[in-house]
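Asks: Provided herewith: model-v2.pdb, PDB, C-alpha atoms and all ligand atoms.
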ATOM      1  CA  MET A1458     -16.918 -19.523 -16.206  1.00  0.00           C
ATOM      2  CA  GLU A1459     -17.828 -18.003 -19.575  1.00  0.00           C
ATOM      3  CA  ARG A1460     -16.407 -14.583 -20.073  1.00  0.00           C
ATOM      4  CA  SER A1461     -19.010 -12.018 -21.023  1.00  0.00           C
ATOM      5  CA  ASP A1462     -18.549  -9.649 -23.960  1.00  0.00           C
ATOM      6  CA  ARG A1463     -18.305  -6.809 -21.482  1.00  0.00           C
ATOM      7  CA  GLU A1464     -15.452  -8.495 -19.556  1.00  0.00           C
ATOM      8  CA  SER A1465     -13.639  -9.245 -22.804  1.00  0.00           C
ATOM      9  CA  MET A1466     -13.998  -5.619 -23.816  1.00  0.00           C
ATOM     10  CA  TYR A1467     -12.438  -4.338 -20.549  1.00  0.00           C
ATOM     11  CA  LEU A1468      -9.597  -6.826 -20.766  1.00  0.00           C
ATOM     12  CA  ASP A1469      -8.916  -5.903 -24.397  1.00  0.00           C
ATOM     13  CA  ILE A1470      -8.804  -2.242 -23.428  1.00  0.00           C
ATOM     14  CA  LEU A1471      -6.334  -2.963 -20.606  1.00  0.00           C
ATOM     15  CA  LYS A1472      -4.157  -4.923 -23.014  1.00  0.00           C
ATOM     16  CA  GLY A1473      -4.272  -2.077 -25.519  1.00  0.00           C
ATOM     17  CA  LEU A1474      -3.389   0.431 -22.810  1.00  0.00           C
ATOM     18  CA  SER A1475      -0.391  -1.621 -21.700  1.00  0.00           C
ATOM     19  CA  VAL A1476       0.875  -1.506 -25.293  1.00  0.00           C
ATOM     20  CA  TYR A1477       0.137   2.202 -25.719  1.00  0.00           C
ATOM     21  CA  PHE A1478       1.835   3.168 -22.456  1.00  0.00           C
ATOM     22  CA  ASP A1479       4.489   0.461 -22.875  1.00  0.00           C
ATOM     23  CA  SER A1480       3.621  -0.461 -19.296  1.00  0.00           C
ATOM     24  CA  PRO A1481       4.433  -3.814 -17.693  1.00  0.00           C
ATOM     25  CA  PHE A1482       2.388  -2.604 -14.697  1.00  0.00           C
ATOM     26  CA  VAL A1483      -0.806  -2.334 -16.767  1.00  0.00           C
ATOM     27  CA  ALA A1484       0.004  -5.752 -18.298  1.00  0.00           C
ATOM     28  CA  ASP A1485       0.364  -7.233 -14.790  1.00  0.00           C
ATOM     29  CA  ILE A1486      -2.969  -5.655 -13.775  1.00  0.00           C
ATOM     30  CA  ARG A1487      -4.667  -7.175 -16.817  1.00  0.00           C
ATOM     31  CA  GLU A1488      -3.260 -10.646 -16.165  1.00  0.00           C
ATOM     32  CA  THR A1489      -4.226 -10.397 -12.502  1.00  0.00           C
ATOM     33  CA  ALA A1490      -7.779  -9.258 -13.299  1.00  0.00           C
ATOM     34  CA  LEU A1491      -8.066 -12.173 -15.688  1.00  0.00           C
ATOM     35  CA  ARG A1492      -6.846 -14.739 -13.170  1.00  0.00           C
ATOM     36  CA  TYR A1493      -8.439 -13.347 -10.013  1.00  0.00           C
ATOM     37  CA  PRO A1494     -11.687 -11.630 -10.975  1.00  0.00           C
ATOM     38  CA  ARG A1495     -13.189 -10.176  -7.805  1.00  0.00           C
ATOM     39  CA  LEU A1496     -14.782  -6.943  -6.696  1.00  0.00           C
ATOM     40  CA  THR A1497     -12.142  -6.261  -4.040  1.00  0.00           C
ATOM     41  CA  LEU A1498      -9.417  -6.166  -6.704  1.00  0.00           C
ATOM     42  CA  GLY A1499     -11.414  -3.371  -8.327  1.00  0.00           C
ATOM     43  CA  HIS A1500     -11.628  -1.639  -4.941  1.00  0.00           C
ATOM     44  CA  ALA A1501      -7.850  -1.834  -4.491  1.00  0.00           C
ATOM     45  CA  LEU A1502      -7.375  -0.171  -7.884  1.00  0.00           C
ATOM     46  CA  ASN A1503     -10.250   2.306  -7.740  1.00  0.00           C
ATOM     47  CA  ARG A1504      -9.942   6.056  -8.120  1.00  0.00           C
ATOM     48  CA  ASN A1505      -9.766   6.890  -4.401  1.00  0.00           C
ATOM     49  CA  GLN A1506      -7.177   4.193  -3.690  1.00  0.00           C
ATOM     50  CA  MET A1507      -4.997   5.162  -6.643  1.00  0.00           C
ATOM     51  CA  THR A1508      -5.300   8.867  -5.805  1.00  0.00           C
ATOM     52  CA  SER A1509      -4.251   8.162  -2.199  1.00  0.00           C
ATOM     53  CA  LYS A1510      -1.280   6.076  -3.268  1.00  0.00           C
ATOM     54  CA  ARG A1511      -0.212   8.503  -5.974  1.00  0.00           C
ATOM     55  CA  TRP A1512      -0.278  11.228  -3.311  1.00  0.00           C
ATOM     56  CA  LEU A1513       1.912   9.039  -1.104  1.00  0.00           C
ATOM     57  CA  VAL A1514       4.358   8.368  -3.957  1.00  0.00           C
ATOM     58  CA  GLU A1515       4.766  12.066  -4.789  1.00  0.00           C
ATOM     59  CA  LYS A1516       5.203  13.207  -1.173  1.00  0.00           C
ATOM     60  CA  LEU A1517       7.577  10.347  -0.417  1.00  0.00           C
ATOM     61  CA  LEU A1518       9.679  11.341  -3.407  1.00  0.00           C
ATOM     62  CA  GLY A1519       9.745  14.918  -2.129  1.00  0.00           C
ATOM     63  CA  ALA A1520      10.698  13.835   1.399  1.00  0.00           C
ATOM     64  CA  THR A1521      13.398  11.328   0.463  1.00  0.00           C
ATOM     65  CA  GLY A1522      14.670  12.288  -2.978  1.00  0.00           C
ATOM     66  CA  GLY A1523      13.798   8.731  -4.077  1.00  0.00           C
ATOM     67  CA  GLU A1524      16.481   6.775  -2.175  1.00  0.00           C
ATOM     68  CA  LEU A1525      14.340   4.099  -0.483  1.00  0.00           C
ATOM     69  CA  GLY A1526      16.513   0.977  -0.194  1.00  0.00           C
ATOM     70  CA  ARG A1527      14.694  -1.885   1.570  1.00  0.00           C
ATOM     71  CA  VAL A1528      10.987  -1.150   1.855  1.00  0.00           C
ATOM     72  CA  CYS A1529       8.420  -2.874   4.054  1.00  0.00           C
ATOM     73  CA  ILE A1530       4.717  -2.302   3.357  1.00  0.00           C
ATOM     74  CA  LEU A1531       2.357  -3.396   6.125  1.00  0.00           C
ATOM     75  CA  GLY A1532      -1.271  -4.271   5.460  1.00  0.00           C
ATOM     76  CA  GLY A1533      -0.144  -4.266   1.825  1.00  0.00           C
ATOM     77  CA  TRP A1534      -3.397  -5.907   0.618  1.00  0.00           C
ATOM     78  CA  TYR A1535      -3.020  -6.820  -3.103  1.00  0.00           C
ATOM     79  CA  GLY A1536       0.376  -5.142  -3.432  1.00  0.00           C
ATOM     80  CA  VAL A1537      -0.732  -2.111  -5.436  1.00  0.00           C
ATOM     81  CA  LEU A1538       1.531   0.338  -3.622  1.00  0.00           C
ATOM     82  CA  GLY A1539       4.536  -1.983  -3.955  1.00  0.00           C
ATOM     83  CA  ALA A1540       3.943  -2.148  -7.692  1.00  0.00           C
ATOM     84  CA  MET A1541       3.554   1.617  -7.992  1.00  0.00           C
ATOM     85  CA  LEU A1542       6.849   2.226  -6.185  1.00  0.00           C
ATOM     86  CA  LEU A1543       8.783  -0.480  -8.016  1.00  0.00           C
ATOM     87  CA  HIS A1544       7.558   0.639 -11.444  1.00  0.00           C
ATOM     88  CA  ASP A1545       8.479   4.251 -10.753  1.00  0.00           C
ATOM     89  CA  PRO A1546      11.956   4.958 -12.182  1.00  0.00           C
ATOM     90  CA  ARG A1547      12.394   7.992  -9.922  1.00  0.00           C
ATOM     91  CA  PHE A1548      12.955   5.689  -6.915  1.00  0.00           C
ATOM     92  CA  ARG A1549      15.984   3.595  -6.066  1.00  0.00           C
ATOM     93  CA  ILE A1550      14.612   0.519  -4.331  1.00  0.00           C
ATOM     94  CA  GLU A1551      16.537  -2.614  -3.413  1.00  0.00           C
ATOM     95  CA  ARG A1552      13.410  -4.637  -2.695  1.00  0.00           C
ATOM     96  CA  VAL A1553       9.863  -4.440  -1.371  1.00  0.00           C
ATOM     97  CA  ARG A1554       8.351  -6.786   1.193  1.00  0.00           C
ATOM     98  CA  SER A1555       4.563  -6.556   1.286  1.00  0.00           C
ATOM     99  CA  ILE A1556       3.044  -8.013   4.450  1.00  0.00           C
ATOM    100  CA  ASP A1557      -0.585  -8.909   5.030  1.00  0.00           C
ATOM    101  CA  MET A1558      -2.367 -11.317   7.357  1.00  0.00           C
ATOM    102  CA  ASP A1559      -5.034 -12.245   4.793  1.00  0.00           C
ATOM    103  CA  PRO A1560      -3.960 -15.408   2.912  1.00  0.00           C
ATOM    104  CA  GLY A1561      -6.292 -14.354   0.081  1.00  0.00           C
ATOM    105  CA  CYS A1562      -3.896 -11.520  -0.733  1.00  0.00           C
ATOM    106  CA  GLU A1563      -0.813 -13.632  -1.366  1.00  0.00           C
ATOM    107  CA  ASP A1564      -1.277 -14.944  -4.914  1.00  0.00           C
ATOM    108  CA  ILE A1565      -2.905 -11.737  -6.095  1.00  0.00           C
ATOM    109  CA  ALA A1566      -0.126  -9.524  -4.723  1.00  0.00           C
ATOM    110  CA  ARG A1567       2.490 -11.748  -6.370  1.00  0.00           C
ATOM    111  CA  SER A1568       0.596 -11.672  -9.657  1.00  0.00           C
ATOM    112  CA  LEU A1569       0.137  -7.906  -9.571  1.00  0.00           C
ATOM    113  CA  ASN A1570       3.906  -7.629  -8.954  1.00  0.00           C
ATOM    114  CA  ARG A1571       4.894 -10.400 -11.334  1.00  0.00           C
ATOM    115  CA  THR A1572       7.509  -8.290 -13.120  1.00  0.00           C
ATOM    116  CA  HIS A1573       9.416  -7.561  -9.914  1.00  0.00           C
ATOM    117  CA  ALA A1574       8.652 -10.812  -8.084  1.00  0.00           C
ATOM    118  CA  GLU A1575      10.429 -12.668 -10.904  1.00  0.00           C
ATOM    119  CA  ALA A1576      13.376 -10.315 -10.572  1.00  0.00           C
ATOM    120  CA  GLY A1577      13.550 -11.007  -6.812  1.00  0.00           C
ATOM    121  CA  ARG A1578      12.631  -7.451  -5.859  1.00  0.00           C
ATOM    122  CA  PHE A1579       9.101  -8.081  -4.567  1.00  0.00           C
ATOM    123  CA  GLU A1580       8.125 -10.576  -1.886  1.00  0.00           C
ATOM    124  CA  PHE A1581       4.906 -11.211  -0.017  1.00  0.00           C
ATOM    125  CA  GLN A1582       4.890 -12.243   3.643  1.00  0.00           C
ATOM    126  CA  LEU A1583       1.793 -13.675   5.291  1.00  0.00           C
ATOM    127  CA  ALA A1584       1.858 -12.293   8.827  1.00  0.00           C
ATOM    128  CA  ASP A1585       0.065 -10.265  11.465  1.00  0.00           C
ATOM    129  CA  MET A1586       1.919  -6.986  11.864  1.00  0.00           C
ATOM    130  CA  TYR A1587       1.267  -7.063  15.626  1.00  0.00           C
ATOM    131  CA  GLU A1588       3.391 -10.209  15.812  1.00  0.00           C
ATOM    132  CA  ILE A1589       6.341  -9.325  13.614  1.00  0.00           C
ATOM    133  CA  ASP A1590       9.703  -8.329  15.006  1.00  0.00           C
ATOM    134  CA  PHE A1591      11.171  -5.298  13.303  1.00  0.00           C
ATOM    135  CA  PRO A1592      14.912  -5.565  13.981  1.00  0.00           C
ATOM    136  CA  LYS A1593      16.679  -2.222  13.842  1.00  0.00           C
ATOM    137  CA  ASP A1594      18.046  -1.550  10.340  1.00  0.00           C
ATOM    138  CA  ALA A1595      16.125  -4.455   8.712  1.00  0.00           C
ATOM    139  CA  PHE A1596      14.239  -1.918   6.575  1.00  0.00           C
ATOM    140  CA  ASP A1597      15.075   1.584   5.395  1.00  0.00           C
ATOM    141  CA  LEU A1598      11.398   2.498   5.151  1.00  0.00           C
ATOM    142  CA  ILE A1599       8.256   1.068   6.719  1.00  0.00           C
ATOM    143  CA  VAL A1600       4.920   2.001   5.152  1.00  0.00           C
ATOM    144  CA  ASN A1601       1.551   1.412   6.755  1.00  0.00           C
ATOM    145  CA  THR A1602      -1.457   2.706   4.843  1.00  0.00           C
ATOM    146  CA  SER A1603      -3.853   0.544   6.852  1.00  0.00           C
ATOM    147  CA  CYS A1604      -3.707   2.440  10.167  1.00  0.00           C
ATOM    148  CA  GLU A1605      -7.507   2.742  10.182  1.00  0.00           C
ATOM    149  CA  HIS A1606      -7.603  -1.062  10.523  1.00  0.00           C
ATOM    150  CA  LEU A1607      -5.532  -1.235  13.745  1.00  0.00           C
ATOM    151  CA  GLU A1608      -7.688  -1.154  16.844  1.00  0.00           C
ATOM    152  CA  THR A1609      -4.697  -1.009  19.220  1.00  0.00           C
ATOM    153  CA  ILE A1610      -2.311   0.911  16.987  1.00  0.00           C
ATOM    154  CA  ASP A1611      -0.052   1.845  19.927  1.00  0.00           C
ATOM    155  CA  LYS A1612       0.771  -1.861  20.370  1.00  0.00           C
ATOM    156  CA  TRP A1613       2.002  -1.987  16.782  1.00  0.00           C
ATOM    157  CA  PHE A1614       3.755   1.371  16.913  1.00  0.00           C
ATOM    158  CA  GLU A1615       5.816   0.454  19.971  1.00  0.00           C
ATOM    159  CA  ARG A1616       7.358  -2.477  18.026  1.00  0.00           C
ATOM    160  CA  ILE A1617       8.978  -0.104  15.532  1.00  0.00           C
ATOM    161  CA  PRO A1618      12.588   0.847  16.383  1.00  0.00           C
ATOM    162  CA  SER A1619      13.042   4.527  17.110  1.00  0.00           C
ATOM    163  CA  GLY A1620      14.542   6.481  14.230  1.00  0.00           C
ATOM    164  CA  THR A1621      12.874   4.285  11.549  1.00  0.00           C
ATOM    165  CA  LEU A1622      11.595   6.184   8.520  1.00  0.00           C
ATOM    166  CA  LEU A1623       7.808   5.770   8.334  1.00  0.00           C
ATOM    167  CA  THR A1624       5.047   6.642   5.902  1.00  0.00           C
ATOM    168  CA  LEU A1625       1.600   6.275   7.421  1.00  0.00           C
ATOM    169  CA  GLN A1626      -1.937   6.811   6.193  1.00  0.00           C
ATOM    170  CA  SER A1627      -5.305   6.750   7.935  1.00  0.00           C
ATOM    171  CA  ASN A1628      -8.720   8.197   7.157  1.00  0.00           C
ATOM    172  CA  ASN A1629     -12.072   9.347   8.554  1.00  0.00           C
ATOM    173  CA  TYR A1630     -14.099   6.773   6.583  1.00  0.00           C
ATOM    174  CA  PHE A1631     -16.078   5.559   9.610  1.00  0.00           C
ATOM    175  CA  GLY A1632     -18.634   2.777   9.258  1.00  0.00           C
ATOM    176  CA  ILE A1633     -16.725   0.623   6.757  1.00  0.00           C
ATOM    177  CA  ASP A1634     -16.101  -3.037   7.602  1.00  0.00           C
ATOM    178  CA  GLY A1635     -12.708  -3.330   9.317  1.00  0.00           C
ATOM    179  CA  HIS A1636     -12.320   0.413   9.886  1.00  0.00           C
ATOM    180  CA  VAL A1637     -11.918   0.149  13.647  1.00  0.00           C
ATOM    181  CA  ASN A1638      -9.445   3.011  14.113  1.00  0.00           C
ATOM    182  CA  CYS A1639     -10.493   5.942  11.940  1.00  0.00           C
ATOM    183  CA  VAL A1640      -9.492   9.449  13.033  1.00  0.00           C
ATOM    184  CA  ASP A1641     -11.311  12.781  12.668  1.00  0.00           C
ATOM    185  CA  ASN A1642      -8.276  14.845  11.712  1.00  0.00           C
ATOM    186  CA  ILE A1643      -4.502  14.885  11.326  1.00  0.00           C
ATOM    187  CA  GLU A1644      -3.962  16.014  14.923  1.00  0.00           C
ATOM    188  CA  GLN A1645      -5.675  12.880  16.221  1.00  0.00           C
ATOM    189  CA  PHE A1646      -3.581  10.787  13.850  1.00  0.00           C
ATOM    190  CA  LYS A1647      -0.375  12.436  15.103  1.00  0.00           C
ATOM    191  CA  GLN A1648      -1.326  11.560  18.672  1.00  0.00           C
ATOM    192  CA  GLN A1649      -1.758   7.903  17.703  1.00  0.00           C
ATOM    193  CA  VAL A1650       1.651   7.699  16.022  1.00  0.00           C
ATOM    194  CA  PRO A1651       3.921  10.313  17.609  1.00  0.00           C
ATOM    195  CA  LEU A1652       6.938  10.920  15.346  1.00  0.00           C
ATOM    196  CA  SER A1653      10.270  12.260  16.580  1.00  0.00           C
ATOM    197  CA  GLU A1654      10.760  14.091  13.272  1.00  0.00           C
ATOM    198  CA  THR A1655       8.061  15.001  10.749  1.00  0.00           C
ATOM    199  CA  LEU A1656       8.975  15.376   7.079  1.00  0.00           C
ATOM    200  CA  PHE A1657       5.415  15.693   5.758  1.00  0.00           C
ATOM    201  CA  GLU A1658       1.918  15.897   7.171  1.00  0.00           C
ATOM    202  CA  GLY A1659      -1.218  16.479   5.167  1.00  0.00           C
ATOM    203  CA  GLU A1660      -4.836  15.793   4.329  1.00  0.00           C
ATOM    204  CA  LEU A1661      -6.332  14.788   1.003  1.00  0.00           C
ATOM    205  CA  GLU A1662     -10.019  15.313   0.303  1.00  0.00           C
ATOM    206  CA  LEU A1663     -11.502  12.368  -1.593  1.00  0.00           C
ATOM    207  CA  LYS A1664     -15.022  11.444  -2.598  1.00  0.00           C
ATOM    208  CA  ASN A1665     -16.711  10.238   0.642  1.00  0.00           C
ATOM    209  CA  TYR A1666     -13.774  10.727   3.031  1.00  0.00           C
ATOM    210  CA  THR A1667     -10.484  12.452   3.875  1.00  0.00           C
ATOM    211  CA  ARG A1668      -7.137  10.643   3.835  1.00  0.00           C
ATOM    212  CA  PHE A1669      -4.437  11.665   6.323  1.00  0.00           C
ATOM    213  CA  MET A1670      -0.718  11.089   5.836  1.00  0.00           C
ATOM    214  CA  LEU A1671       2.427  11.414   7.935  1.00  0.00           C
ATOM    215  CA  ILE A1672       6.000  10.905   6.740  1.00  0.00           C
ATOM    216  CA  GLY A1673       8.768  11.032   9.313  1.00  0.00           C
ATOM    217  CA  ARG A1674      10.834   9.171  11.847  1.00  0.00           C
ATOM    218  CA  ARG A1675       9.546   7.012  14.679  1.00  0.00           C
TER     219      ARG A1675
HETATM  220  C1  LIG B   1      -8.649  -2.976   3.007  1.00  0.00           C
HETATM  221  S1  LIG B   1      -7.002  -3.117   3.030  1.00  0.00           S
HETATM  222  C2  LIG B   1      -6.150  -1.657   2.686  1.00  0.00           C
HETATM  223  C3  LIG B   1      -6.738  -0.325   3.023  1.00  0.00           C
HETATM  224  C4  LIG B   1      -5.773   0.799   2.965  1.00  0.00           C
HETATM  225  N1  LIG B   1      -6.388   2.047   3.060  1.00  0.00           N
HETATM  226  C5  LIG B   1      -4.788   0.711   1.819  1.00  0.00           C
HETATM  227  O1  LIG B   1      -5.134   0.653   0.656  1.00  0.00           O
HETATM  228  O2  LIG B   1      -3.633   0.639   2.134  1.00  0.00           O
HETATM  229  C6  LIG B   1      -6.462  -3.374   4.681  1.00  0.00           C
HETATM  230  C7  LIG B   1      -5.513  -4.514   4.708  1.00  0.00           C
HETATM  231  O3  LIG B   1      -4.876  -4.547   5.981  1.00  0.00           O
HETATM  232  C8  LIG B   1      -4.717  -5.894   6.347  1.00  0.00           C
HETATM  233  N2  LIG B   1      -4.521  -5.940   7.791  1.00  0.00           N
HETATM  234  C9  LIG B   1      -5.358  -5.493   8.765  1.00  0.00           C
HETATM  235  N3  LIG B   1      -4.835  -5.729   9.988  1.00  0.00           N
HETATM  236  C10 LIG B   1      -3.640  -6.342   9.773  1.00  0.00           C
HETATM  237  C11 LIG B   1      -2.629  -6.858  10.643  1.00  0.00           C
HETATM  238  N4  LIG B   1      -2.754  -6.793  11.964  1.00  0.00           N
HETATM  239  N5  LIG B   1      -1.542  -7.419  10.097  1.00  0.00           N
HETATM  240  C12 LIG B   1      -1.398  -7.506   8.745  1.00  0.00           C
HETATM  241  N6  LIG B   1      -2.337  -7.064   7.883  1.00  0.00           N
HETATM  242  C13 LIG B   1      -3.437  -6.477   8.380  1.00  0.00           C
HETATM  243  C14 LIG B   1      -5.993  -6.560   5.869  1.00  0.00           C
HETATM  244  O4  LIG B   1      -5.844  -7.954   5.753  1.00  0.00           O
HETATM  245  C15 LIG B   1      -6.212  -5.857   4.527  1.00  0.00           C
HETATM  246  O5  LIG B   1      -5.629  -6.557   3.464  1.00  0.00           O
END
Using the file provided, produce a representation of the structure as structure tokens.
Replies:
Amino acid sequence: MERSDRESMYLDILKGLSVYFDSPFVADIRETALRYPRLTLGHALNRNQMTSKRWLVEKLLGATGGELGRVCILGGWYGVLGAMLLHDPRFRIERVRSIDMDPGCEDIARSLNRTHAEAGRFEFQLADMYEIDFPKDAFDLIVNTSCEHLETIDKWFERIPSGTLLTLQSNNYFGIDGHVNCVDNIEQFKQQVPLSETLFEGELELKNYTRFMLIGRR
């Protein structure tokens, strides 16, 4: 496919930005956009998504001091959150496993995390989170920012060993394809995923919807 002048312009700008910010993350985004041009990649990196994940990163840092160890990200989509955590020098992370059941995510997530995949610190697993075993102590942190996609979230939640550190997000963005478990407020979200210890709970107003987040122990 011929690349339009407009596409070339955006890619040039991304390349320039990666030089200006000396950022391997921006370079990985550029390479990924070049190799896998699709609207959903833009969605995964849009303002609302990045704002929600930046919020998560800051609150997680506050709750943990940055010691994360072995991280599991469920419904990890194109691996944006994994990349944000791994590129952030304030965290100490042994490795990130990003799990998604959509095979279309695999190559893109690896590409977006190329820097850390090559270093053996990022891996993608193709799996349905309802079917995975979560042995106690396999992960130091389990993240699930796709709670709005889980119709029977209790069935997933009961698989998580008690005491596990969790970071969970949902939203009230009803009416979107795949959003089968939105909640109206943080109280409803807390009822869906009852934590034994809460380190953070909050709401973030975004354009079109509100994001809810809980950090704490199962
Ligand atoms: C649209 S995306 C991500 C939305 C979310 N707010 C975020 O950015 O984290 C939702 C992802 O969850 C994945 N997903 C949904 N149900 C899943 C399941 N049971 N197991 C694994 N992945 C799942 C989908 O394949 C998709 O990639």
Asks: Can you write out as JSON lines which residues of chain A fall within 6 Å of ligand LIG 1 (chain B), alongside each residue's closest atom pair and its distance in Å to one decimal, counting only C-alpha atoms and all ligand atoms and ordering rows by chain and ascending residue number?
Replies:
{"residue": "A:Gln1506", "atom": "CA", "partner": "B:LIG1", "partner_atom": "O1", "distance": 6.0}
{"residue": "A:Gly1532", "atom": "CA", "partner": "B:LIG1", "partner_atom": "O3", "distance": 3.7}
{"residue": "A:Trp1534", "atom": "CA", "partner": "B:LIG1", "partner_atom": "O5", "distance": 3.7}
{"residue": "A:Asp1557", "atom": "CA", "partner": "B:LIG1", "partner_atom": "N6", "distance": 3.8}
{"residue": "A:Met1558", "atom": "CA", "partner": "B:LIG1", "partner_atom": "C12", "distance": 4.2}
{"residue": "A:Asp1559", "atom": "CA", "partner": "B:LIG1", "partner_atom": "O4", "distance": 4.5}
{"residue": "A:Ala1584", "atom": "CA", "partner": "B:LIG1", "partner_atom": "C12", "distance": 5.8}
{"residue": "A:Asp1585", "atom": "CA", "partner": "B:LIG1", "partner_atom": "N5", "distance": 3.5}
{"residue": "A:Met1586", "atom": "CA", "partner": "B:LIG1", "partner_atom": "N5", "distance": 3.9}
{"residue": "A:Tyr1587", "atom": "CA", "partner": "B:LIG1", "partner_atom": "N4", "distance": 5.4}
{"residue": "A:Thr1602", "atom": "CA", "partner": "B:LIG1", "partner_atom": "O2", "distance": 4.0}
{"residue": "A:Ser1603", "atom": "CA", "partner": "B:LIG1", "partner_atom": "C4", "distance": 4.3}
{"residue": "A:His1606", "atom": "CA", "partner": "B:LIG1", "partner_atom": "C9", "distance": 5.3}
{"residue": "A:Leu1607", "atom": "CA", "partner": "B:LIG1", "partner_atom": "N3", "distance": 5.9}
Asks: Step by step, work through what the PyMOL selection byres (((chain A and resi 1531) around 7) and not hetatm) selects in the shown file, and finish by giving those residues as a short mmCIF file (atom, residue, chain, number, x, y, z; two decimals) with C-alpha atoms, keeping the file's coordinate frame.
Replies:
data_model
loop_
_atom_site.label_atom_id
_atom_site.label_comp_id
_atom_site.auth_asym_id
_atom_site.auth_seq_id
_atom_site.Cartn_x
_atom_site.Cartn_y
_atom_site.Cartn_z
CA CYS A 1529 8.42 -2.87 4.05
CA ILE A 1530 4.72 -2.30 3.36
CA GLY A 1532 -1.27 -4.27 5.46
CA GLY A 1533 -0.14 -4.27 1.82
CA SER A 1555 4.56 -6.56 1.29
CA ILE A 1556 3.04 -8.01 4.45
CA ASP A 1557 -0.58 -8.91 5.03
CA MET A 1586 1.92 -6.99 11.86
CA VAL A 1600 4.92 2.00 5.15
CA ASN A 1601 1.55 1.41 6.76
#
Asks: Evaluate the PyMOL selection byres (((chain A and resi 1614) around 9) and not hetatm) on the structure here and hand back the selected residues as a count of residues only.
Replies: 13
Asks: Report, in Å to a single decimal, how far apart atom CA of Glu1524 of chain A and atom CA of Phe1657 of chain A are.
Replies: 16.3 Å
Asks: If the PyMOL selection byres (((chain A and resi 1641) around 12) and not hetatm) is run on the structure shown, which residues does it catch, given as a list in words?
Replies: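 Selection result, ordered by chain and number: Glu1605, Ser1627, Asn1628, Asn1629, Tyr1630, Phe1631, Asn1638, Cys1639, Val1640, Asn1642, Ile1643, Glu1644, Gln1645, Phe1646, Lys1647, Gln1648, Gln1649, Glu1660, Tyr1666, Thr1667, Arg1668 and Phe1669 of chain A.
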Asks: In Å, rounded to a single decimal, give me how far atom CA of Arg1674 of chain A is from atom CA of Thr1621 of chain A.
Replies: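 Result for atom CA of Thr1621 of chain A versus atom CA of Arg1674 of chain A: 5.3 Å, one decimal.
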Asks: Of the candidates A:Arg1552, A:Arg1547, A:Arg1511, A:Arg1492, which one gets nearest to Asp1564 of chain A if we count all atoms listed in the file?
Replies: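 Comparing A:Arg1552, A:Arg1547, A:Arg1511, A:Arg1492 against Asp1564 of chain A, the winner is A:Arg1492.
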Asks: Using only C-alpha atoms and a cutoff of 8 Å, can you tell me which residues are near (-4.0, 15.9, -4.3) in the file's coordinates, and write them out as JSON, numbers by chain?
Replies: {"A": [1508, 1512, 1661, 1662]}
Asks: From the set A:Ser1461, A:Thr1521, A:Thr1572, A:Ser1619, which residue has the shortest atom-to-atom contact distance to Gly1539 of chain A, counting all atoms listed in the file?
Replies: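 Checking each candidate against Gly1539 of chain A, we get A:Thr1572 as the closest.
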Asks: Return the single residue from A:Leu1663, A:Ile1486, A:Ile1589, A:Leu1513 that is closest to Gln1626 of chain A, with distances computed using all atoms listed in the file.
Replies: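 With all atoms listed in the file as the atom set, the closest residue is A:Leu1513.
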Asks: Please report the interatomic distance between atom CA of Leu1468 of chain A and atom CA of Gly1499 of chain A in Å with one decimal.
Replies: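 According to the coordinates, atom CA of Leu1468 of chain A and atom CA of Gly1499 of chain A are separated by 13.0 Å.
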Asks: Determine the nearest neighbour of Glu1488 of chain A from the options A:Val1528, A:Leu1671, A:Ser1568, A:Val1514, counting only C-alpha atoms.
Replies: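 Between A:Val1528, A:Leu1671, A:Ser1568, A:Val1514, the residue approaching Glu1488 of chain A most closely is A:Ser1568.
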Asks: Counting only C-alpha atoms, which residues come within 10 Å of (13.0, 2.3, -4.0), with the point read in the file's coordinates, and could you list them as a VMD selection string?
Replies: chain A and resid 1518 1523 to 1528 1539 1542 to 1553 1578 1597 to 1598
Asks: Taking all atoms of segment 1578-1585 of chain A that the file lists and extending 4 Å past them on each side, where is the centre of the axis-aligned box and how long are its edges? Answer in Å to one decimal, as AutoDock Vina command-line options.
Replies:
--center_x 6.3 --center_y -10.6 --center_z 2.8 --size_x 20.6 --size_y 14.2 --size_z 25.3
Asks: Near segment 1494-1496 of chain A, counting all atoms listed in the file, which residues have an atom at most 12 Å away, once you skip same-chain residues fewer than 6 positions from it, shown as a list in words?
Replies: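 With the cut-off at 12 Å, the set is Met1458, Arg1460, Glu1464, Leu1468, Ile1486, Arg1487, Glu1488, Leu1502, Asn1503, Tyr1535, Gly1561, Cys1562 and Ile1565 of chain A.
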